[in-house]
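Here is the structure we will look at.
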Amino acid sequence: MIRAIFRDLLILTAPVFASINYPPIPEDLTTPFQVRLAVNGRYAIDKNRYKAVAVGWNTYEALNESCVTYGTSPDNLSSRSCSSSSVTYSTSRTWSNMVVLSGLDPATAYYYKIVSANSSVEPFFSPRIPGDKTPFSMNVVSDLGVYGKDGFTVSRREAIPYVQPELNHTTIGRLAKTLNDYEVVIHPGDFAYADDWYLKLPSAQEGQMTYQSILEQFYEQLAPITGHKIYMASPGNHEADCSEVRRLLKLCPEGQENFTDFKHHFGKTMPQPFTSSSSNKSAQTQSDKARSFARPPFWYSFEYGMAHVVMINTETDFPNAPDTKLESGPFGNKGEQLEFLDADLSSVDRAVTPWVIVAGHRPWYSTDSVHRCESCQDAFENLLYKYGVDLAVFGHVHNSQRLLPVFNGIADPRGMQNPKAPMYIICGGAGNIEGLIPIDDKPSYTKFAYADEYSYSTLKFLDDKHLQIDFIRSSNGDILDSSTLYKSHSIPFVTQ
């Protein structure tokens with residue numbers, strides 16, 4: 001309490017800075033920045049064709065029409081898709097735009113160009129259809145908020161992603177250097193850390209400008225990754241509200257209230273859950289039910305090859321949720337998130353998508369006792385166990401951890417060999433202005449914990465029975481820890 005009061009006094013008494021380090025506005029206000037790709041769904045009538053990829057980007061003026069051309073050759077972008085979606089909020093300098101690229105062949109190299117005088121042709125790889133058993137890798141990052149002295153680039157992109165020199169030894173730099181080694185990134189919460197603007201001690205008048213400046217810089221720094229790879233997001237506490245600066249001082253910029261910037265940045269690109277890929281009628285019914293309860297970008301699911309991935313919201317919309325007190329949410333009617341999760345997990349046909357991954361922000365198992373979310377455990381753990389979730393992915397704690405499969409605080413006696421309980425990992429060590437959290441204690445089910453440098457995780461879907469989980473040191477790409485989870489996946493629909 002004393003620390004919080006002292007922090008608020010510092011903010012009120014801080015000197016007025018000469019200027020905010022805003023990224024420069026380009027002469028052409030239609031120039032696309034902060035480009036991002038996401039899986040966006042599949043046509044039910046043709047299971048081999050996709051209404052697949054959403055392209056999002058920001059501009060410094062509203063667009064009456066947002067368009068993207070695309071095709072399988074960089075010299076022949078014969079398809080074109082447009083929308084009238086261009087949204088903003090009062091304290092933002094930019095507008096978020098989105099277009100869906102439809103009719104894509106699966107697992108195919110494509111090229112796209114945002115229609116603008118100052119844009120370039122960029123490559124992407126269309127998503128794998130559910131049931132494709134080809135091995136692939138998925139990266140996991142959370143709590144990523146690294147930004148440098150000049151985190152903004154107005155020059156046109158080159159064929160090789162450009163990353164600012166000061167980021168070459170961070171997670172963003174490593175993701176860029178290894179761009180050909182993975183197909184998807186999931187990011188369960190905490191982007192940019194713009195709400196930590198007070199750490200720079202600006203005046204009260206400059207607080208909201210600093211907040212927007214950090215957002216613009218960070219998302220453009222991440223664009224070499226998000227503009228080339230499928231990048232799936234869900235919220236964390238740093239997206240939620242003004243928890244860092246107390247509301248009574250009325251210093252909270254609009255973008256920081258009630259997930260406002262997160263909703264504008266990712267709300268149009270994250271998907272509704274896919275229609276069921278199973279021939280089982282009950283699975284189809286449950287899948288339709290899940291779609292009706294989904295609220296992207298807060299909670300939703302998507303399928304990619306061998307994986308069914310569920311993104312959840314650990315901040316609001318369940319009993320005693322951590323951010324309910326901050327007036328954040330709810331985003332669905334009472335109980336909808338848990339009804340969604342129950343229906344979605346029950347619909348998964350392991351004969352089609354054998355691996356089930358659930359990703360959220362706040363963990364309930366961790367070496368850090370302060371950040372364990374008991375209300376999250378009460379809400380979600382039984383469902384994860386009931387439907388045989390293979391891997392649960394979290395962040396929030398600023399380090400990397402690998403835990404054995406565990407349920408109700410007890411390690412599964414089968415360990416990594418066909419356990420009933422989910423395996424848990426924490427990928428919160430990607431790097432941000434708050435730094436890393438030292439390892440507190442190690443529960444008996446802890447197998448790996450690392451807080452010396454920035455790191456992240458790679459999930460390698462080797463086949464329908466073997467999932468390799470690696471932790472990577474961001475600075476040099478060293479493998480810090482590697483393990484393989486074996487699951488038989490012999491039962492199409494798991495209920496335990």
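Every chain in the structure tokens takes a letter, A first, then B, and so on in the order presented; its residues are numbered from 1, and the ligands are numbered from 1 following the presented order.
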
Among stretch 51-182 of chain A, which ones does DSSP assign to strand (DSSP E) (computed from the backbone)? Answer as an MDAnalysis selection string. chainID A and resid 53:59 66:71 79:83 86:87 95:101 109:114 122:125 136:140

Those residues you just picked out, can you put them in a file as a CSV table (one decimal), in the first residue's frame with C-alpha atoms?
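Result file is selection-v3.csv:
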chain,number,residue,atom,x,y,z
A,53,VAL,CA,-6.5,-16.2,-42.9
A,54,ALA,CA,-7.3,-12.8,-41.4
A,55,VAL,CA,-4.9,-10.0,-42.2
A,56,GLY,CA,-5.0,-7.1,-39.8
A,57,TRP,CA,-3.1,-3.8,-39.9
A,58,ASN,CA,-3.1,-0.3,-38.5
A,59,THR,CA,-3.1,3.0,-40.4
A,66,SER,CA,-9.5,-2.1,-46.7
A,67,CYS,CA,-8.2,-4.4,-49.4
A,68,VAL,CA,-5.6,-7.2,-49.8
A,69,THR,CA,-4.5,-8.9,-53.0
A,70,TYR,CA,-3.1,-12.4,-52.8
A,71,GLY,CA,-2.0,-15.5,-54.7
A,79,SER,CA,-7.3,-12.8,-55.8
A,80,ARG,CA,-8.6,-9.7,-53.9
A,81,SER,CA,-10.5,-9.4,-50.7
A,82,CYS,CA,-11.9,-6.1,-49.2
A,83,SER,CA,-13.8,-5.0,-46.2
A,86,SER,CA,-11.7,0.4,-39.8
A,87,VAL,CA,-12.0,1.1,-36.1
A,95,TRP,CA,-7.2,2.7,-37.0
A,96,SER,CA,-7.3,-1.1,-37.0
A,97,ASN,CA,-8.2,-2.7,-40.3
A,98,MET,CA,-9.0,-6.3,-41.2
A,99,VAL,CA,-9.6,-8.4,-44.3
A,100,VAL,CA,-10.3,-12.2,-44.5
A,101,LEU,CA,-8.5,-14.1,-47.3
A,109,ALA,CA,2.9,-21.0,-49.8
A,110,TYR,CA,1.0,-17.8,-50.6
A,111,TYR,CA,1.8,-14.1,-51.1
A,112,TYR,CA,-0.2,-11.1,-50.1
A,113,LYS,CA,0.0,-7.3,-50.5
A,114,ILE,CA,-2.0,-4.8,-48.5
A,122,GLU,CA,4.9,-10.6,-48.3
A,123,PRO,CA,4.8,-14.4,-48.0
A,124,PHE,CA,2.7,-16.6,-45.6
A,125,PHE,CA,1.9,-20.3,-45.3
A,136,PHE,CA,5.0,-29.0,-37.5
A,137,SER,CA,6.2,-26.6,-34.8
A,138,MET,CA,4.3,-24.0,-32.8
A,139,ASN,CA,6.0,-21.4,-30.7
A,140,VAL,CA,4.7,-20.1,-27.4

Would you mind reading off the distance between atom CA of A:Glu303 and atom CA of A:Pro130, one decimal, in Å?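 Taking atom CA of A:Glu303 and atom CA of A:Pro130, their separation equals 5.8 Å.
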
Please provide as a PDB file with C-alpha atoms, in the first residue's frame all residues within 7 Å of A:Gly227, with the sequence filter that same-chain residues fewer than 6 positions apart are discarded (counting only C-alpha atoms).
ATOM      1  CA  VAL A  35       0.557  -6.158 -39.686  1.00  0.00           C
ATOM      2  CA  ARG A  36      -0.744  -9.411 -38.204  1.00  0.00           C
ATOM      3  CA  LEU A  37      -2.104 -12.745 -39.471  1.00  0.00           C
TER       4      LEU A  37
END

| Closest to A:Leu175 among A:Leu222, A:Ser92, A:Gln401, A:Asp440, using only C-alpha atoms? |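 So, comparing all the options, the nearest one is A:Leu222.
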
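The smallest atom-to-atom distance between A:Tyr450 and any of A:Asp190, A:Asp181, A:Asp481, A:Glu434, using only C-alpha atoms, is found for A:Asp481.
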
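With only C-alpha atoms as the basis for measurement, A:Thr72 is the residue among A:Ser400, A:Thr72, A:Ser90, A:Thr134 that approaches A:Thr108 most closely.
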
- Item | Polymer residues at most 7 Å from A:Pro127, only C-alpha atoms, same-chain spacing of 3 or more positions, as a PyMOL selection string | chain A and resi 106-107+304

(Q) When you count only C-alpha atoms, which of these residues is closest to A:Gly41: A:Val185, A:Met270, A:Leu179, A:Ala62? (A)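 Residue with the minimum atom-to-atom distance to A:Gly41: A:Met270.
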
Calculated over only C-alpha atoms, which of the candidates A:Gln468, A:Asn408, A:Ser474, A:Gln34 has the smallest distance to A:Asp378?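 Checking each candidate against A:Asp378, we get A:Asn408 as the closest.
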
List the spatial neighbours of stretch 379-383 of chain A as a PyMOL selection string - criterion: any atom at most 9 Å away, only C-alpha atoms, same-chain residues fewer than 2 positions off excluded. chain A and resi 318-319+321+338+341-342+345+364+374-377+385-389+407-408

Could the residues of stretch 215-316 of chain A that have an atom at most 12 Å from stretch 395-398 of chain A be listed as a tab-separated table, each with its closest atom pair and the distance in Å to one decimal, counting only C-alpha atoms and ordered by chain and ascending residue number?
residue	atom	partner	partner_atom	distance
A:Ser234	CA	A:Gly395	CA	11.2
A:Pro235	CA	A:Gly395	CA	10.8
A:Gly236	CA	A:His396	CA	7.6
A:Asn237	CA	A:His396	CA	8.2
A:His238	CA	A:His396	CA	9.5
A:Thr314	CA	A:His396	CA	10.4
A:Glu315	CA	A:His396	CA	11.3

Produce a file of the selected residues containing all heavy atoms, as an mmCIF file, in the first residue's frame.
data_model
loop_
_atom_site.group_PDB
_atom_site.id
_atom_site.type_symbol
_atom_site.label_atom_id
_atom_site.label_comp_id
_atom_site.auth_asym_id
_atom_site.auth_seq_id
_atom_site.Cartn_x
_atom_site.Cartn_y
_atom_site.Cartn_z
ATOM 1 N N SER A 234 -4.594 -14.199 -26.804
ATOM 2 C CA SER A 234 -5.638 -14.094 -25.786
ATOM 3 C C SER A 234 -5.138 -13.128 -24.714
ATOM 4 O O SER A 234 -3.947 -12.827 -24.666
ATOM 5 C CB SER A 234 -5.984 -15.466 -25.191
ATOM 6 O OG SER A 234 -4.855 -16.056 -24.570
ATOM 7 N N PRO A 235 -6.029 -12.612 -23.839
ATOM 8 C CA PRO A 235 -5.638 -11.496 -22.972
ATOM 9 C C PRO A 235 -4.940 -11.916 -21.690
ATOM 10 O O PRO A 235 -5.100 -13.021 -21.189
ATOM 11 C CB PRO A 235 -6.981 -10.839 -22.652
ATOM 12 C CG PRO A 235 -7.938 -11.991 -22.650
ATOM 13 C CD PRO A 235 -7.467 -12.907 -23.746
ATOM 14 N N GLY A 236 -4.178 -10.956 -21.140
ATOM 15 C CA GLY A 236 -3.581 -11.086 -19.817
ATOM 16 C C GLY A 236 -3.946 -9.883 -18.975
ATOM 17 O O GLY A 236 -4.707 -9.008 -19.392
ATOM 18 N N ASN A 237 -3.372 -9.807 -17.799
ATOM 19 C CA ASN A 237 -3.720 -8.720 -16.890
ATOM 20 C C ASN A 237 -3.251 -7.356 -17.388
ATOM 21 O O ASN A 237 -3.865 -6.328 -17.091
ATOM 22 C CB ASN A 237 -3.151 -8.983 -15.496
ATOM 23 C CG ASN A 237 -1.651 -9.172 -15.482
ATOM 24 O OD1 ASN A 237 -1.145 -10.168 -16.007
ATOM 25 N ND2 ASN A 237 -0.920 -8.241 -14.882
ATOM 26 N N HIS A 238 -2.183 -7.311 -18.194
ATOM 27 C CA HIS A 238 -1.703 -6.019 -18.686
ATOM 28 C C HIS A 238 -2.567 -5.470 -19.814
ATOM 29 O O HIS A 238 -2.373 -4.333 -20.236
ATOM 30 C CB HIS A 238 -0.247 -6.120 -19.126
ATOM 31 C CG HIS A 238 0.707 -6.090 -17.975
ATOM 32 N ND1 HIS A 238 1.223 -4.922 -17.456
ATOM 33 C CD2 HIS A 238 1.208 -7.088 -17.208
ATOM 34 C CE1 HIS A 238 2.023 -5.197 -16.442
ATOM 35 N NE2 HIS A 238 2.032 -6.510 -16.269
ATOM 36 N N THR A 314 -8.226 -15.765 -18.430
ATOM 37 C CA THR A 314 -8.098 -15.988 -16.986
ATOM 38 C C THR A 314 -8.338 -14.709 -16.189
ATOM 39 O O THR A 314 -8.119 -14.704 -14.968
ATOM 40 C CB THR A 314 -6.708 -16.544 -16.635
ATOM 41 O OG1 THR A 314 -5.701 -15.587 -17.018
ATOM 42 C CG2 THR A 314 -6.447 -17.867 -17.332
ATOM 43 N N GLU A 315 -8.798 -13.642 -16.851
ATOM 44 C CA GLU A 315 -8.966 -12.363 -16.163
ATOM 45 C C GLU A 315 -10.396 -12.100 -15.714
ATOM 46 O O GLU A 315 -10.608 -11.481 -14.670
ATOM 47 C CB GLU A 315 -8.518 -11.214 -17.081
ATOM 48 C CG GLU A 315 -7.100 -11.360 -17.609
ATOM 49 C CD GLU A 315 -6.090 -11.595 -16.507
ATOM 50 O OE1 GLU A 315 -6.066 -10.802 -15.540
ATOM 51 O OE2 GLU A 315 -5.326 -12.582 -16.600
#

### Query
Quick one: residues within 8 Å of A:Lys487, only C-alpha atoms counted, chain neighbours fewer than 5 positions away excluded, as a VMD selection string?
chain A and resid 390 417 to 419 465 to 466

Just N, CA and C atoms for this one: save the residues we selected as a PDB file, in the first residue's frame.
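As written to disk, result_12.pdb reads:
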ATOM      1  N   ASP A 390      -4.078 -32.440 -23.103  1.00  0.00           N
ATOM      2  CA  ASP A 390      -2.710 -32.951 -23.099  1.00  0.00           C
ATOM      3  C   ASP A 390      -1.719 -31.967 -22.493  1.00  0.00           C
ATOM      4  N   GLN A 417       4.403 -40.618 -19.661  1.00  0.00           N
ATOM      5  CA  GLN A 417       4.020 -41.782 -20.453  1.00  0.00           C
ATOM      6  C   GLN A 417       2.526 -42.041 -20.335  1.00  0.00           C
ATOM      7  N   ASN A 418       1.780 -41.418 -21.204  1.00  0.00           N
ATOM      8  CA  ASN A 418       0.335 -41.603 -21.286  1.00  0.00           C
ATOM      9  C   ASN A 418      -0.395 -41.211 -20.000  1.00  0.00           C
ATOM     10  N   PRO A 419      -0.134 -40.023 -19.463  1.00  0.00           N
ATOM     11  CA  PRO A 419      -0.828 -39.606 -18.237  1.00  0.00           C
ATOM     12  C   PRO A 419      -2.275 -39.238 -18.513  1.00  0.00           C
ATOM     13  N   LYS A 465       1.156 -39.225 -31.451  1.00  0.00           N
ATOM     14  CA  LYS A 465       1.400 -39.761 -30.114  1.00  0.00           C
ATOM     15  C   LYS A 465       2.562 -39.107 -29.385  1.00  0.00           C
ATOM     16  N   HIS A 466       3.352 -38.301 -30.061  1.00  0.00           N
ATOM     17  CA  HIS A 466       4.549 -37.730 -29.447  1.00  0.00           C
ATOM     18  C   HIS A 466       4.586 -36.221 -29.667  1.00  0.00           C
TER      19      HIS A 466
END

So that I can check the secondary structure, give me every residue of stretch 223-363 of chain A assigned helix (DSSP H, G or I) by backbone DSSP, as an NGL selection string. :A and (223-226 or 237-240 or 247-249 or 254-256 or 260-266 or 281-293 or 324-326 or 336-346)

Dump as a PDB file, in the first residue's frame, selection limited to C-alpha atoms:
ATOM      1  CA  ALA A 223       5.263  -7.118 -37.155  1.00  0.00           C
ATOM      2  CA  PRO A 224       8.183  -9.025 -38.787  1.00  0.00           C
ATOM      3  CA  ILE A 225       6.766 -12.058 -36.969  1.00  0.00           C
ATOM      4  CA  THR A 226       3.026 -11.388 -36.950  1.00  0.00           C
ATOM      5  CA  ASN A 237      -3.720  -8.720 -16.890  1.00  0.00           C
ATOM      6  CA  HIS A 238      -1.703  -6.019 -18.686  1.00  0.00           C
ATOM      7  CA  GLU A 239      -4.480  -5.778 -21.279  1.00  0.00           C
ATOM      8  CA  ALA A 240      -7.239  -5.578 -18.689  1.00  0.00           C
ATOM      9  CA  ARG A 247      -8.145   4.859 -10.764  1.00  0.00           C
ATOM     10  CA  LEU A 248      -8.631   7.541  -8.116  1.00  0.00           C
ATOM     11  CA  LEU A 249      -5.948   9.638  -9.823  1.00  0.00           C
ATOM     12  CA  GLU A 254      -9.138   5.032 -22.626  1.00  0.00           C
ATOM     13  CA  GLY A 255      -7.101   2.389 -24.430  1.00  0.00           C
ATOM     14  CA  GLN A 256      -6.103   0.953 -21.072  1.00  0.00           C
ATOM     15  CA  THR A 260      -9.984  -1.510 -25.117  1.00  0.00           C
ATOM     16  CA  ASP A 261      -6.751  -1.619 -27.112  1.00  0.00           C
ATOM     17  CA  PHE A 262      -6.624  -5.433 -27.045  1.00  0.00           C
ATOM     18  CA  LYS A 263     -10.173  -5.617 -28.434  1.00  0.00           C
ATOM     19  CA  HIS A 264      -9.351  -3.170 -31.219  1.00  0.00           C
ATOM     20  CA  HIS A 265      -6.046  -4.807 -32.131  1.00  0.00           C
ATOM     21  CA  PHE A 266      -7.106  -8.473 -32.107  1.00  0.00           C
ATOM     22  CA  LYS A 281     -23.215 -36.131 -34.588  1.00  0.00           C
ATOM     23  CA  SER A 282     -22.813 -35.403 -30.877  1.00  0.00           C
ATOM     24  CA  ALA A 283     -19.415 -33.799 -31.547  1.00  0.00           C
ATOM     25  CA  GLN A 284     -20.990 -31.616 -34.228  1.00  0.00           C
ATOM     26  CA  THR A 285     -23.731 -30.528 -31.825  1.00  0.00           C
ATOM     27  CA  GLN A 286     -21.249 -29.676 -29.070  1.00  0.00           C
ATOM     28  CA  SER A 287     -19.054 -27.827 -31.546  1.00  0.00           C
ATOM     29  CA  ASP A 288     -22.008 -25.685 -32.639  1.00  0.00           C
ATOM     30  CA  LYS A 289     -22.782 -25.008 -28.972  1.00  0.00           C
ATOM     31  CA  ALA A 290     -19.192 -23.939 -28.363  1.00  0.00           C
ATOM     32  CA  ARG A 291     -19.385 -21.542 -31.309  1.00  0.00           C
ATOM     33  CA  SER A 292     -22.451 -19.893 -29.799  1.00  0.00           C
ATOM     34  CA  PHE A 293     -20.650 -19.307 -26.479  1.00  0.00           C
ATOM     35  CA  THR A 324     -13.627  -8.550 -11.927  1.00  0.00           C
ATOM     36  CA  LYS A 325     -12.763  -5.975  -9.257  1.00  0.00           C
ATOM     37  CA  LEU A 326     -11.240  -3.735 -11.951  1.00  0.00           C
ATOM     38  CA  GLU A 336     -20.602 -18.485 -20.793  1.00  0.00           C
ATOM     39  CA  GLN A 337     -16.842 -18.972 -20.794  1.00  0.00           C
ATOM     40  CA  LEU A 338     -17.099 -22.187 -18.780  1.00  0.00           C
ATOM     41  CA  GLU A 339     -20.012 -23.396 -20.901  1.00  0.00           C
ATOM     42  CA  PHE A 340     -17.910 -22.704 -23.979  1.00  0.00           C
ATOM     43  CA  LEU A 341     -14.941 -24.631 -22.604  1.00  0.00           C
ATOM     44  CA  ASP A 342     -17.071 -27.619 -21.591  1.00  0.00           C
ATOM     45  CA  ALA A 343     -18.771 -27.816 -24.990  1.00  0.00           C
ATOM     46  CA  ASP A 344     -15.600 -27.172 -26.967  1.00  0.00           C
ATOM     47  CA  LEU A 345     -13.464 -29.785 -25.214  1.00  0.00           C
ATOM     48  CA  SER A 346     -16.218 -32.387 -25.362  1.00  0.00           C
TER      49      SER A 346
END

- Of the candidates A:Thr94, A:Ser119, A:Thr316, A:Asn258, which shows the shortest atom-to-atom distance to A:Glu216, using only C-alpha atoms?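 Nearest to A:Glu216: A:Thr94.
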
So what do you get for atom CA of A:Thr178 versus atom CA of A:Pro354, distance-wise?
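Here the two named atoms are 26.5 Å from each other.
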